[in-house]
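Student: So that we are looking at the same thing, I have put the structure below in structure tokens.
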Amino acid sequence: MKENVSCLIEKTIRNLVESGRLPVLEKVEVVVEFTRDKKHGDLASNIALTLSKSCRMNPRDLASLILQNIPTTSFLDHCEVAGAGFINFFLSKDALSKLLLEIIDKKERFGCNNEGKSVPILIEFVSANPTGPLHVGHGRGAAIGDSICRLMRANGWNVQSEFYYNDSGQQIRNLALSVQARCLGIDPQNPDWPDDGYCGEYINEVARAYLDGETLEAKDKSVTGAKDPELLDEIQEFAVTYLRREQDRDLANFNVNFDSFFLESSLYSSGEVERIVQEIIDSGYTYEKDGALWLKTTQFGDDKDRVMRKQDGTFTYFVPDIAYHINKWERGFKNALNEQGADHHGTITRVRAGLQALKKNIPEKWPNYLLHQMVTVVRNGEEVKISKRKGEYLTLSELVNEVGSDATRYFLVARAPNSQLIFDIDLAISASNDNPVFYIQYAHARISSVLRKMTELDSDWMKKMNLSNSKLILEEEHLIMQHLMKFPEIIKQAAQQYEPHTIANYLRELAGEFHSYYNSYKVLVEDKELRESRIMLSMGVRQVIANGLNILGVSAPEEM
RNA sequence: CGGGGUGUAGCUCAACUGGAUAGAGUAUUCGGCUUCGAACCGAACGGUUGGGGGUUCGAGUCCCUCCACCCCGGCCA
């Protein structure tokens with residue numbers, strides 16, 4: 001609809017220029033927006049304000065000139081000049097009722113588009129180390145990342161979601177040592193407890209399962225506890241598998257599923273790490289100093305060079321990261337997005353520097369990054385410092401068990417990724433009923449209930465509906481239709497900006513408008529035509545809420 | 001000190017990317033079920049958008065400068 005109006009304006013201006021009533025203009029960029037205030041019509045353009053200078057006319061006069069020459073169309077009721085020189089457009093009843101038909105016709109496809117043109121994109125998110133359970137911070141990454149995947153699919157992208165496991169390196173060794181210590185009956189208070197060991201209670205559970213010889217069924221393999229506390233490698237494999245399985249289960253309960261999993265260890269076993277290190281050395285971007293191998297990241301915008309291979313011969317964490325991203329690139333993903341916590345900010349420059357050093361014509365800005373700010377957890381009015389080593393944190397599964405997946409997802413995705421959010425545990429649990437997600441779901445359930453009621457009255461009502469005759473004349477009805485009309489654009493915009501929270505806000509507003517309407521007017525009235533019109537409106541709202549909630553990974557219940 | 005982020009109502013957050021009178025929820029105070037679901041609705045209260053300067057028809061949004069908070073600045077990941 002926006003496009004229709006901006007085309008109309010553009011055409012009008014072109015005609016005015018050709019007939020000499022306006023000077024020749026360099027560049028005309030017509031911006032049409034949905035209005036905030038219903039008094040300003042449905043759509044508005046500031047074109048007269050932006051062109052007034054180059055036309056040497058006062059904005060209001062220019063606006064009236066454009067308006068007088070705008071051709072009449074079926075989708076516009078009328079237009080007017082307002083304020084400093086805005087042109088406001090009022091849509092016709094015809095245009096709005098066609099919208100409802102479109103929603104009902106397209107169903108779950110309403111709002112979708114093909115901007116992505118089926119181009120493949122790899123979206124990596126969560127990627128937590130398998131050294132402990134997922135916490136709220138991971139939950140935020142999961143909620144945002146998964147919603148972005150759904151958003152991108154709705155925009156026609158060919159999305160593959162991937163989870164990268166850092167299942168090798170020092171922290172995994174620390175995990176194995178911690179489990180081993182627990183197997184031997186050593187606890188964190190004991191002087192023999194390993195340095196940098198993981199103190200959480202879950203380590204004990206892993207140790208017990210290992211000693212019991214439990215068999216773990218993972219996606220790609222099966223591991224049985226060897227029971228022997230001396231076999232550190234066996235302990236490590238068992239512990240990693242155990243914790244991966246736990247994370248997968250937590251994510252599944254959170255309605256998050258990945259298309260693929262990638263193991264850091266595979267980059268070592270396949271020799272890819274060694275290969276790219278050699279290639280980077282050959283490219284001339286490295287040097288030896290103090291017994292370590294350095295990458296000249298300063299040549300790619302870093303403030304100092306970084307160590308790739310430590311004195312002890314092992315690699316720093318970003319080296320396998322580079323290998324991993326080469327792997328993504330070689331799998332053919334010209335589009336890649338990494339959703340991570342803001343604490344990983346520093347690695348972006350390093351990984352990109354490594355990719356550039358390889359001279360593979362990878363774009364400088366590849367891969368794309370979306371960082372979410374940290375979650376501050378508050379309990380009893382005090383900040384809970386998240387520390388995996390100390391075992392102090394709120395796990396995702398505790399949270400989901402307590403307040404439910406829908407409420408947790410909504411809470412974590414409803415804020416802009418860039419805002420650092422405060423998560424008050426007590427508030428989240430006690431006030432979970434106040435979560436706006438229920439407000440939105442309730443609107444969906446209410447409409448479903450009305451439709452059930454209609455079916456009770458006449459099981460065949462749907463077929464008998466006359467869809468062409470809209471009787472919707474109320475201001476509230478107009479407002480709702482105007483809101484429904486924005487949905488496709490919200491989907492597009494949220495994807496372009498990687499900001500799924502705009503969907504959440506949109507749904508909150510739509511639900512609010514419907515609740516208000518529902519409270520003042522009855523849908524199932526006597527008058528058949530009016531009743532059918534209102535049913536159609538309700539069906540439109542219901543469909544859009546369902547589509548929007550689906551993008552947020554939240555259920556749309558028929559009753560609650 | 002350097003890099004990134006944030007600062008909007010008592011609290012938690014929005015604001016369609018520079019537009020018209022800065023909006024919701026929550027808290028507080030009133031009012032609304034004999035009526036399709038009250039997990040709802042209506043009303044009131046609540047603001048110098050951290051401070052100061054600048055750019056222009058127009059700034060919460062862009063630029064400069066201070067102030068405060070969060071993250072990063074390991075041969076940890």
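Just so we're on the same page: first chain in the structure tokens is A, next is B, and so on; residues restart at 1 for each chain, and ligands are numbered from 1 in the order they show up.
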Skip B:G37 itself and residues of its chain fewer than 2 positions away, then list as a list in words all residues within 12 Å of it, counting only C-alpha atoms (C1' of nucleotides).
Tutor: Tyr442, Ala443, His444, Ala445, Arg446, Ile447, Ser448, Ser449, Val450, Arg452, Lys453, His515, Tyr518, Asn519, Glu558, Glu559 and Met560 of chain A; C33, U35, A39 and C40 of chain B
Student: Take the residues from that selection and put them in a file with N, CA and C atoms (P, O5', C5', C4', C3', O3' and C1' of nucleotides), as a JSON list (two decimals), in the first residue's frame.
Tutor:
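Saved result, selection-v9.json, follows:
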```
[["chain", "number", "residue", "atom", "x", "y", "z"],
["A", 442, "TYR", "N", -4.06, -14.30, 24.79],
["A", 442, "TYR", "CA", -5.46, -14.22, 25.20],
["A", 442, "TYR", "C", -6.33, -13.67, 24.08],
["A", 443, "ALA", "N", -5.81, -12.69, 23.36],
["A", 443, "ALA", "CA", -6.56, -12.15, 22.23],
["A", 443, "ALA", "C", -6.81, -13.25, 21.20],
["A", 444, "HIS", "N", -5.80, -14.06, 20.98],
["A", 444, "HIS", "CA", -5.92, -15.18, 20.04],
["A", 444, "HIS", "C", -6.95, -16.19, 20.53],
["A", 445, "ALA", "N", -6.88, -16.51, 21.81],
["A", 445, "ALA", "CA", -7.81, -17.48, 22.38],
["A", 445, "ALA", "C", -9.25, -16.95, 22.37],
["A", 446, "ARG", "N", -9.38, -15.67, 22.65],
["A", 446, "ARG", "CA", -10.71, -15.05, 22.65],
["A", 446, "ARG", "C", -11.37, -15.15, 21.29],
["A", 447, "ILE", "N", -10.61, -14.82, 20.27],
["A", 447, "ILE", "CA", -11.17, -14.88, 18.92],
["A", 447, "ILE", "C", -11.50, -16.32, 18.57],
["A", 448, "SER", "N", -10.60, -17.23, 18.95],
["A", 448, "SER", "CA", -10.87, -18.64, 18.68],
["A", 448, "SER", "C", -12.18, -19.05, 19.35],
["A", 449, "SER", "N", -12.40, -18.53, 20.53],
["A", 449, "SER", "CA", -13.61, -18.85, 21.27],
["A", 449, "SER", "C", -14.85, -18.32, 20.55],
["A", 450, "VAL", "N", -14.75, -17.12, 20.03],
["A", 450, "VAL", "CA", -15.86, -16.55, 19.28],
["A", 450, "VAL", "C", -16.18, -17.40, 18.05],
["A", 452, "ARG", "N", -15.56, -20.55, 17.70],
["A", 452, "ARG", "CA", -16.17, -21.81, 18.16],
["A", 452, "ARG", "C", -17.65, -21.60, 18.43],
["A", 453, "LYS", "N", -17.93, -20.47, 19.06],
["A", 453, "LYS", "CA", -19.32, -20.13, 19.36],
["A", 453, "LYS", "C", -20.14, -20.04, 18.07],
["A", 515, "HIS", "N", -8.54, -6.06, 22.07],
["A", 515, "HIS", "CA", -9.20, -6.18, 23.39],
["A", 515, "HIS", "C", -10.13, -5.00, 23.64],
["A", 518, "TYR", "N", -13.14, -5.36, 21.41],
["A", 518, "TYR", "CA", -13.95, -6.49, 21.85],
["A", 518, "TYR", "C", -14.79, -6.11, 23.06],
["A", 519, "ASN", "N", -14.22, -5.26, 23.90],
["A", 519, "ASN", "CA", -14.92, -4.86, 25.11],
["A", 519, "ASN", "C", -16.09, -3.94, 24.83],
["A", 558, "GLU", "N", -5.58, -21.99, 21.28],
["A", 558, "GLU", "CA", -6.99, -21.83, 20.95],
["A", 558, "GLU", "C", -7.79, -21.49, 22.21],
["A", 559, "GLU", "N", -7.31, -22.01, 23.31],
["A", 559, "GLU", "CA", -7.92, -21.65, 24.59],
["A", 559, "GLU", "C", -6.84, -21.70, 25.67],
["A", 560, "MET", "N", -7.07, -20.99, 26.76],
["A", 560, "MET", "CA", -6.06, -20.97, 27.82],
["A", 560, "MET", "C", -6.71, -20.82, 29.18],
["B", 33, "C", "P", -20.72, -3.52, 36.39],
["B", 33, "C", "O5'", -20.16, -4.87, 35.74],
["B", 33, "C", "C5'", -20.65, -6.11, 36.17],
["B", 33, "C", "C4'", -20.58, -7.11, 35.03],
["B", 33, "C", "C3'", -21.21, -8.44, 35.33],
["B", 33, "C", "O3'", -22.59, -8.41, 35.00],
["B", 33, "C", "C1'", -19.11, -8.71, 34.27],
["B", 35, "U", "P", -23.71, -12.58, 32.15],
["B", 35, "U", "O5'", -23.72, -12.01, 30.66],
["B", 35, "U", "C5'", -24.78, -12.36, 29.77],
["B", 35, "U", "C4'", -24.63, -11.63, 28.48],
["B", 35, "U", "C3'", -23.21, -11.60, 27.94],
["B", 35, "U", "O3'", -22.90, -12.79, 27.23],
["B", 35, "U", "C1'", -24.14, -9.43, 27.82],
["B", 39, "A", "P", -10.23, -13.51, 33.10],
["B", 39, "A", "O5'", -8.90, -12.83, 32.60],
["B", 39, "A", "C5'", -8.22, -11.91, 33.44],
["B", 39, "A", "C4'", -6.78, -11.84, 33.02],
["B", 39, "A", "C3'", -6.59, -11.39, 31.57],
["B", 39, "A", "O3'", -5.33, -10.75, 31.45],
["B", 39, "A", "C1'", -5.73, -13.56, 31.83],
["B", 40, "C", "P", -5.27, -9.19, 31.38],
["B", 40, "C", "O5'", -6.60, -8.83, 30.59],
["B", 40, "C", "C5'", -6.69, -8.98, 29.17],
["B", 40, "C", "C4'", -7.99, -8.41, 28.71],
["B", 40, "C", "C3'", -8.13, -6.91, 28.89],
["B", 40, "C", "O3'", -7.50, -6.18, 27.86],
["B", 40, "C", "C1'", -10.06, -7.96, 29.72]]
```
Student: Might you pull out every residue within 12 Å of B:C45, with only C-alpha atoms (C1' of nucleotides) counted and same-chain residues fewer than 3 positions away left off, and present them as a PyMOL selection string?
Tutor: chain B and resi 9-10+27-30
Student: Take the residues just selected and output them with N, CA and C atoms (P, O5', C5', C4', C3', O3' and C1' of nucleotides) as a PDB file, in the first residue's frame.
Tutor:
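Final output, selection_12.pdb:
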```
ATOM      1  P     A B   9      12.808   8.053  32.656  1.00  0.00           P
ATOM      2  O5'   A B   9      11.280   8.453  32.774  1.00  0.00           O
ATOM      3  C5'   A B   9      10.929   9.740  33.256  1.00  0.00           C
ATOM      4  C4'   A B   9       9.689   9.655  34.106  1.00  0.00           C
ATOM      5  C3'   A B   9       9.642   8.472  35.080  1.00  0.00           C
ATOM      6  O3'   A B   9       9.001   8.865  36.286  1.00  0.00           O
ATOM      7  C1'   A B   9       7.780   8.378  33.638  1.00  0.00           C
ATOM      8  P     G B  10       9.833   9.526  37.451  1.00  0.00           P
ATOM      9  O5'   G B  10      10.189   8.269  38.360  1.00  0.00           O
ATOM     10  C5'   G B  10      10.980   8.437  39.534  1.00  0.00           C
ATOM     11  C4'   G B  10      10.866   7.187  40.364  1.00  0.00           C
ATOM     12  C3'   G B  10      11.229   5.894  39.620  1.00  0.00           C
ATOM     13  O3'   G B  10      12.613   5.624  39.718  1.00  0.00           O
ATOM     14  C1'   G B  10       9.113   5.650  40.635  1.00  0.00           C
ATOM     15  P     A B  27       0.741  -3.866  39.049  1.00  0.00           P
ATOM     16  O5'   A B  27       1.349  -2.707  39.951  1.00  0.00           O
ATOM     17  C5'   A B  27       2.489  -2.956  40.766  1.00  0.00           C
ATOM     18  C4'   A B  27       2.978  -1.657  41.370  1.00  0.00           C
ATOM     19  C3'   A B  27       1.877  -0.800  41.998  1.00  0.00           C
ATOM     20  O3'   A B  27       1.586  -1.215  43.320  1.00  0.00           O
ATOM     21  C1'   A B  27       3.217   0.538  40.583  1.00  0.00           C
ATOM     22  P     U B  28       0.042  -1.290  43.742  1.00  0.00           P
ATOM     23  O5'   U B  28      -0.347   0.244  43.914  1.00  0.00           O
ATOM     24  C5'   U B  28       0.375   1.070  44.825  1.00  0.00           C
ATOM     25  C4'   U B  28      -0.053   2.501  44.692  1.00  0.00           C
ATOM     26  C3'   U B  28      -1.562   2.720  44.633  1.00  0.00           C
ATOM     27  O3'   U B  28      -2.165   2.681  45.922  1.00  0.00           O
ATOM     28  C1'   U B  28      -0.519   4.007  42.947  1.00  0.00           C
ATOM     29  P     U B  29      -3.640   2.058  46.061  1.00  0.00           P
ATOM     30  O5'   U B  29      -4.567   3.198  45.439  1.00  0.00           O
ATOM     31  C5'   U B  29      -4.518   4.519  45.942  1.00  0.00           C
ATOM     32  C4'   U B  29      -5.448   5.407  45.170  1.00  0.00           C
ATOM     33  C3'   U B  29      -6.783   4.777  44.800  1.00  0.00           C
ATOM     34  O3'   U B  29      -7.691   4.758  45.881  1.00  0.00           O
ATOM     35  C1'   U B  29      -5.901   5.901  42.920  1.00  0.00           C
ATOM     36  P     C B  30      -8.971   3.811  45.796  1.00  0.00           P
ATOM     37  O5'   C B  30      -9.940   4.738  44.951  1.00  0.00           O
ATOM     38  C5'   C B  30     -11.011   4.170  44.256  1.00  0.00           C
ATOM     39  C4'   C B  30     -11.529   5.126  43.210  1.00  0.00           C
ATOM     40  C3'   C B  30     -12.534   4.470  42.282  1.00  0.00           C
ATOM     41  O3'   C B  30     -13.825   4.454  42.857  1.00  0.00           O
ATOM     42  C1'   C B  30     -10.888   5.512  40.980  1.00  0.00           C
TER      43        C B  30
END
```
Student: Taking only C-alpha atoms into account, which of A:Glu217, A:Glu489, A:Asp527, A:Glu102 comes nearest A:Ile503?
Tutor: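 Result for the nearest residue to A:Ile503: A:Glu489.
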Student: With chain A as the partner and 10 Å as the cut-off, tabulate the residues of chain B that qualify, each row holding the nearest pair of atoms and their distance in Å to one decimal, using only C-alpha atoms (C1' of nucleotides), sorted by chain and rising number, as a Markdown table.
Tutor:
```
| residue | atom | partner | partner_atom | distance |
| --- | --- | --- | --- | --- |
| B:G2 | C1' | A:Asp303 | CA | 8.3 |
| B:G3 | C1' | A:Asp303 | CA | 8.6 |
| B:G4 | C1' | A:His345 | CA | 7.2 |
| B:G5 | C1' | A:Asn418 | CA | 6.9 |
| B:U6 | C1' | A:Ser419 | CA | 6.6 |
| B:U12 | C1' | A:Ile422 | CA | 8.1 |
| B:C13 | C1' | A:Arg415 | CA | 7.1 |
| B:A14 | C1' | A:Asn505 | CA | 7.4 |
| B:C16 | C1' | A:Phe34 | CA | 7.5 |
| B:U17 | C1' | A:Gln497 | CA | 9.9 |
| B:G19 | C1' | A:Asn46 | CA | 7.8 |
| B:A20 | C1' | A:Gly83 | CA | 6.4 |
| B:U21 | C1' | A:Asp37 | CA | 9.8 |
| B:A24 | C1' | A:Glu509 | CA | 8.3 |
| B:G25 | C1' | A:Pro436 | CA | 7.8 |
| B:U26 | C1' | A:Asp434 | CA | 8.7 |
| B:U35 | C1' | A:Lys522 | CA | 9.0 |
| B:C36 | C1' | A:Val450 | CA | 5.5 |
| B:G37 | C1' | A:Arg446 | CA | 6.1 |
| B:A38 | C1' | A:Asn519 | CA | 9.9 |
| B:A39 | C1' | A:Phe438 | CA | 6.7 |
| B:C40 | C1' | A:His515 | CA | 6.6 |
| B:C41 | C1' | A:Asn519 | CA | 5.8 |
| B:G42 | C1' | A:Ser516 | CA | 9.1 |
| B:C57 | C1' | A:Leu49 | CA | 7.3 |
| B:G58 | C1' | A:Ala84 | CA | 9.3 |
| B:C70 | C1' | A:Gln420 | CA | 7.4 |
| B:C71 | C1' | A:Asp343 | CA | 5.4 |
| B:C72 | C1' | A:Asp343 | CA | 6.0 |
| B:G73 | C1' | A:Gly346 | CA | 7.8 |
| B:C75 | C1' | A:Lys310 | CA | 4.6 |
| B:C76 | C1' | A:Gln170 | CA | 7.7 |
| B:A77 | C1' | A:Tyr317 | CA | 6.3 |
```
Student: Restricting it to C-alpha atoms (C1' of nucleotides), dump the selection as a PDB file, in the first residue's frame.
Tutor:
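Once written, again-v1.pdb looks like this:
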```pdb
ATOM      1  C1'   G B   2      41.749   2.559  24.121  1.00  0.00           C
ATOM      2  C1'   G B   3      37.420  -0.002  21.635  1.00  0.00           C
ATOM      3  C1'   G B   4      32.047  -1.304  21.744  1.00  0.00           C
ATOM      4  C1'   G B   5      27.195  -0.536  24.048  1.00  0.00           C
ATOM      5  C1'   U B   6      23.675   2.105  27.006  1.00  0.00           C
ATOM      6  C1'   U B  12      10.959  -2.514  33.209  1.00  0.00           C
ATOM      7  C1'   C B  13      11.060  -0.957  28.247  1.00  0.00           C
ATOM      8  C1'   A B  14       9.056   1.316  23.114  1.00  0.00           C
ATOM      9  C1'   C B  16       8.280   2.827  12.031  1.00  0.00           C
ATOM     10  C1'   U B  17      15.742   5.051  11.447  1.00  0.00           C
ATOM     11  C1'   G B  19       8.611  14.198  11.479  1.00  0.00           C
ATOM     12  C1'   A B  20       3.114  16.383  13.729  1.00  0.00           C
ATOM     13  C1'   U B  21       1.000  16.676  21.138  1.00  0.00           C
ATOM     14  C1'   A B  24       3.099   1.029  26.532  1.00  0.00           C
ATOM     15  C1'   G B  25       3.349  -2.242  30.738  1.00  0.00           C
ATOM     16  C1'   U B  26       3.999  -2.110  35.937  1.00  0.00           C
ATOM     17  C1'   U B  35     -24.139  -9.432  27.822  1.00  0.00           C
ATOM     18  C1'   C B  36     -19.476 -13.606  22.191  1.00  0.00           C
ATOM     19  C1'   G B  37     -13.907 -15.638  27.821  1.00  0.00           C
ATOM     20  C1'   A B  38     -12.730  -9.813  33.388  1.00  0.00           C
ATOM     21  C1'   A B  39      -5.733 -13.564  31.828  1.00  0.00           C
ATOM     22  C1'   C B  40     -10.062  -7.959  29.718  1.00  0.00           C
ATOM     23  C1'   C B  41     -11.669  -2.635  29.312  1.00  0.00           C
ATOM     24  C1'   G B  42     -12.036   2.763  30.700  1.00  0.00           C
ATOM     25  C1'   C B  57      11.635  23.944   8.218  1.00  0.00           C
ATOM     26  C1'   G B  58      11.866  20.051  12.451  1.00  0.00           C
ATOM     27  C1'   C B  70      27.742  -2.303  31.428  1.00  0.00           C
ATOM     28  C1'   C B  71      31.101  -5.435  28.284  1.00  0.00           C
ATOM     29  C1'   C B  72      36.021  -6.179  26.082  1.00  0.00           C
ATOM     30  C1'   G B  73      41.134  -4.885  26.035  1.00  0.00           C
ATOM     31  C1'   C B  75      50.195 -16.938  25.327  1.00  0.00           C
ATOM     32  C1'   C B  76      41.663 -18.128  29.213  1.00  0.00           C
ATOM     33  C1'   A B  77      37.368 -19.096  25.915  1.00  0.00           C
TER      34        A B  77
END
```
Student: Which residue, B:G18, B:G31, B:A43, B:G7, has the smallest gap to B:U56 when you use only C-alpha atoms (C1' of nucleotides)?
Tutor: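 For B:U56, the nearest of the given residues is B:G18.
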Student: Pick the closest to B:A59 from B:G46, B:A22, B:C1, B:C11: which is it, counting only C-alpha atoms (C1' of nucleotides)?
Tutor: B:A22
Student: So which bits of stretch 50-84 of chain A end up strand (DSSP E or B) when you DSSP the backbone, as a list in words?
Tutor: Leu76, Asp77, His78, Cys79, Glu80, Val81 and Ala82 of chain A
Student: Please indicate the distance in Å from atom CA of A:Leu370 to atom CA of A:Glu339, rounded to one decimal place.
Tutor: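 Spanning atom CA of A:Leu370 to atom CA of A:Glu339 is a straight-line distance of 4.8 Å.
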Student: Write down as an MDAnalysis selection string the residues belonging to stretch 273-499 of chain A that are assigned alpha helix (DSSP H) by DSSP computed on the backbone.
Tutor: chainID A and resid 273:283 318:330 345:357 396:403 405:413 425:430 436:457 461:464 475:497
Student: Identify which of the residues A:Val384, A:Val31, A:Leu25, A:Leu216 lies closest to A:Cys7, counting only C-alpha atoms when measuring atom-to-atom distances.
Tutor: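 Closest to A:Cys7, using only C-alpha atoms: A:Val31.
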Student: Show which residues sit within 10 Å of stretch 108-120 of chain A, as a PyMOL selection string. Count only C-alpha atoms (C1' of nucleotides), and ignore same-chain residues fewer than 2 positions away.
Tutor: chain A and resi 102-106+122-123+151-160+332-336+484-492+495-496+540+543-544+546-548+550
Student: Dump N, CA and C atoms for the selected residues as a short mmCIF file (atom, residue, chain, number, x, y, z; two decimals), in the first residue's frame?
Tutor:
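Written output follows (part-v6.cif):
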```
data_model
loop_
_atom_site.label_atom_id
_atom_site.label_comp_id
_atom_site.auth_asym_id
_atom_site.auth_seq_id
_atom_site.Cartn_x
_atom_site.Cartn_y
_atom_site.Cartn_z
N GLU A 102 -7.27 -10.69 1.81
CA GLU A 102 -5.91 -11.14 1.53
C GLU A 102 -5.36 -11.96 2.70
N ILE A 103 -5.59 -11.48 3.92
CA ILE A 103 -5.09 -12.20 5.10
C ILE A 103 -5.72 -13.59 5.18
N ILE A 104 -7.05 -13.62 5.01
CA ILE A 104 -7.77 -14.88 5.15
C ILE A 104 -7.36 -15.85 4.04
N ASP A 105 -7.05 -15.29 2.90
CA ASP A 105 -6.64 -16.12 1.77
C ASP A 105 -5.22 -16.67 1.97
N LYS A 106 -4.31 -15.83 2.41
CA LYS A 106 -2.90 -16.25 2.51
C LYS A 106 -2.60 -17.04 3.77
N LEU A 122 23.76 -18.87 6.62
CA LEU A 122 24.05 -19.68 7.80
C LEU A 122 23.94 -18.77 9.02
N ILE A 123 23.10 -19.15 9.96
CA ILE A 123 22.95 -18.36 11.17
C ILE A 123 23.44 -19.19 12.36
N LEU A 151 12.39 -15.31 11.20
CA LEU A 151 12.15 -14.06 10.47
C LEU A 151 12.74 -14.12 9.07
N MET A 152 13.97 -14.59 8.99
CA MET A 152 14.64 -14.64 7.70
C MET A 152 13.93 -15.63 6.77
N ARG A 153 13.43 -16.72 7.34
CA ARG A 153 12.67 -17.66 6.52
C ARG A 153 11.41 -16.99 5.99
N ALA A 154 10.76 -16.22 6.85
CA ALA A 154 9.55 -15.51 6.42
C ALA A 154 9.86 -14.51 5.33
N ASN A 155 11.11 -14.08 5.26
CA ASN A 155 11.51 -13.14 4.23
C ASN A 155 12.14 -13.84 3.03
N GLY A 156 11.95 -15.14 2.97
CA GLY A 156 12.36 -15.86 1.77
C GLY A 156 13.81 -16.30 1.72
N TRP A 157 14.52 -16.26 2.84
CA TRP A 157 15.90 -16.73 2.86
C TRP A 157 15.93 -18.23 3.09
N ASN A 158 16.97 -18.85 2.57
CA ASN A 158 17.18 -20.27 2.79
C ASN A 158 18.10 -20.43 3.99
N VAL A 159 17.49 -20.53 5.17
CA VAL A 159 18.25 -20.44 6.43
C VAL A 159 18.74 -21.80 6.90
N GLN A 160 19.99 -21.85 7.32
CA GLN A 160 20.48 -23.01 8.05
C GLN A 160 20.98 -22.52 9.41
N GLY A 332 29.90 -22.73 1.04
CA GLY A 332 29.15 -21.93 0.09
C GLY A 332 28.27 -20.84 0.68
N PHE A 333 28.47 -20.54 1.96
CA PHE A 333 27.64 -19.52 2.57
C PHE A 333 28.24 -18.13 2.38
N LYS A 334 27.78 -17.46 1.35
CA LYS A 334 28.22 -16.08 1.11
C LYS A 334 27.55 -15.14 2.11
N ASN A 335 26.49 -15.66 2.75
CA ASN A 335 25.82 -14.89 3.79
C ASN A 335 25.90 -15.68 5.09
N ALA A 336 26.46 -15.05 6.10
CA ALA A 336 26.56 -15.70 7.40
C ALA A 336 26.32 -14.68 8.48
N LEU A 484 -3.28 -4.01 10.95
CA LEU A 484 -3.04 -5.27 10.25
C LEU A 484 -2.23 -5.03 8.97
N MET A 485 -2.52 -3.91 8.34
CA MET A 485 -1.87 -3.59 7.08
C MET A 485 -0.37 -3.43 7.23
N LYS A 486 0.06 -3.05 8.43
CA LYS A 486 1.50 -2.81 8.64
C LYS A 486 2.31 -4.09 8.76
N PHE A 487 1.64 -5.19 9.04
CA PHE A 487 2.36 -6.41 9.40
C PHE A 487 3.44 -6.83 8.39
N PRO A 488 3.13 -6.88 7.09
CA PRO A 488 4.16 -7.30 6.14
C PRO A 488 5.41 -6.42 6.20
N GLU A 489 5.18 -5.15 6.42
CA GLU A 489 6.32 -4.24 6.49
C GLU A 489 7.14 -4.44 7.76
N ILE A 490 6.44 -4.73 8.86
CA ILE A 490 7.13 -5.01 10.13
C ILE A 490 8.04 -6.23 9.97
N ILE A 491 7.53 -7.24 9.29
CA ILE A 491 8.31 -8.45 9.05
C ILE A 491 9.57 -8.13 8.25
N LYS A 492 9.40 -7.32 7.24
CA LYS A 492 10.51 -6.97 6.38
C LYS A 492 11.56 -6.16 7.16
N ALA A 495 13.54 -8.02 9.87
CA ALA A 495 14.58 -8.88 9.30
C ALA A 495 15.78 -8.06 8.84
N GLN A 496 15.51 -6.95 8.20
CA GLN A 496 16.61 -6.12 7.71
C GLN A 496 17.47 -5.62 8.86
N GLY A 540 -8.86 -11.96 10.77
CA GLY A 540 -7.63 -11.30 10.34
C GLY A 540 -6.68 -11.07 11.51
N GLN A 543 -5.22 -14.38 12.72
CA GLN A 543 -4.19 -14.90 11.83
C GLN A 543 -2.87 -14.16 12.01
N VAL A 544 -2.95 -12.85 12.09
CA VAL A 544 -1.72 -12.06 12.21
C VAL A 544 -1.05 -12.33 13.56
N ALA A 546 -1.22 -15.11 15.23
CA ALA A 546 -0.63 -16.44 15.12
C ALA A 546 0.68 -16.38 14.33
N ASN A 547 0.67 -15.66 13.22
CA ASN A 547 1.87 -15.56 12.40
C ASN A 547 3.00 -14.87 13.15
N GLY A 548 2.65 -13.82 13.86
CA GLY A 548 3.67 -13.08 14.60
C GLY A 548 4.24 -13.90 15.75
N ASN A 550 4.39 -17.03 15.96
CA ASN A 550 5.20 -18.10 15.39
C ASN A 550 6.64 -17.63 15.14
#
```
Student: Rank A:Val126, A:Ala48, A:Leu232, A:Cys149 by their smallest atom-to-atom distance to A:Leu175, using only C-alpha atoms, and report the top residue only.
Tutor: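 Of A:Val126, A:Ala48, A:Leu232, A:Cys149, the one nearest A:Leu175 is A:Leu232, counting only C-alpha atoms.
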Student: So the first atom is atom CA of A:Ser283 and the second is atom CA of A:Ile326; what is the distance between them in Å, to one decimal place?
Tutor: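 Computed distance, atom CA of A:Ser283 to atom CA of A:Ile326, equals 15.3 Å.
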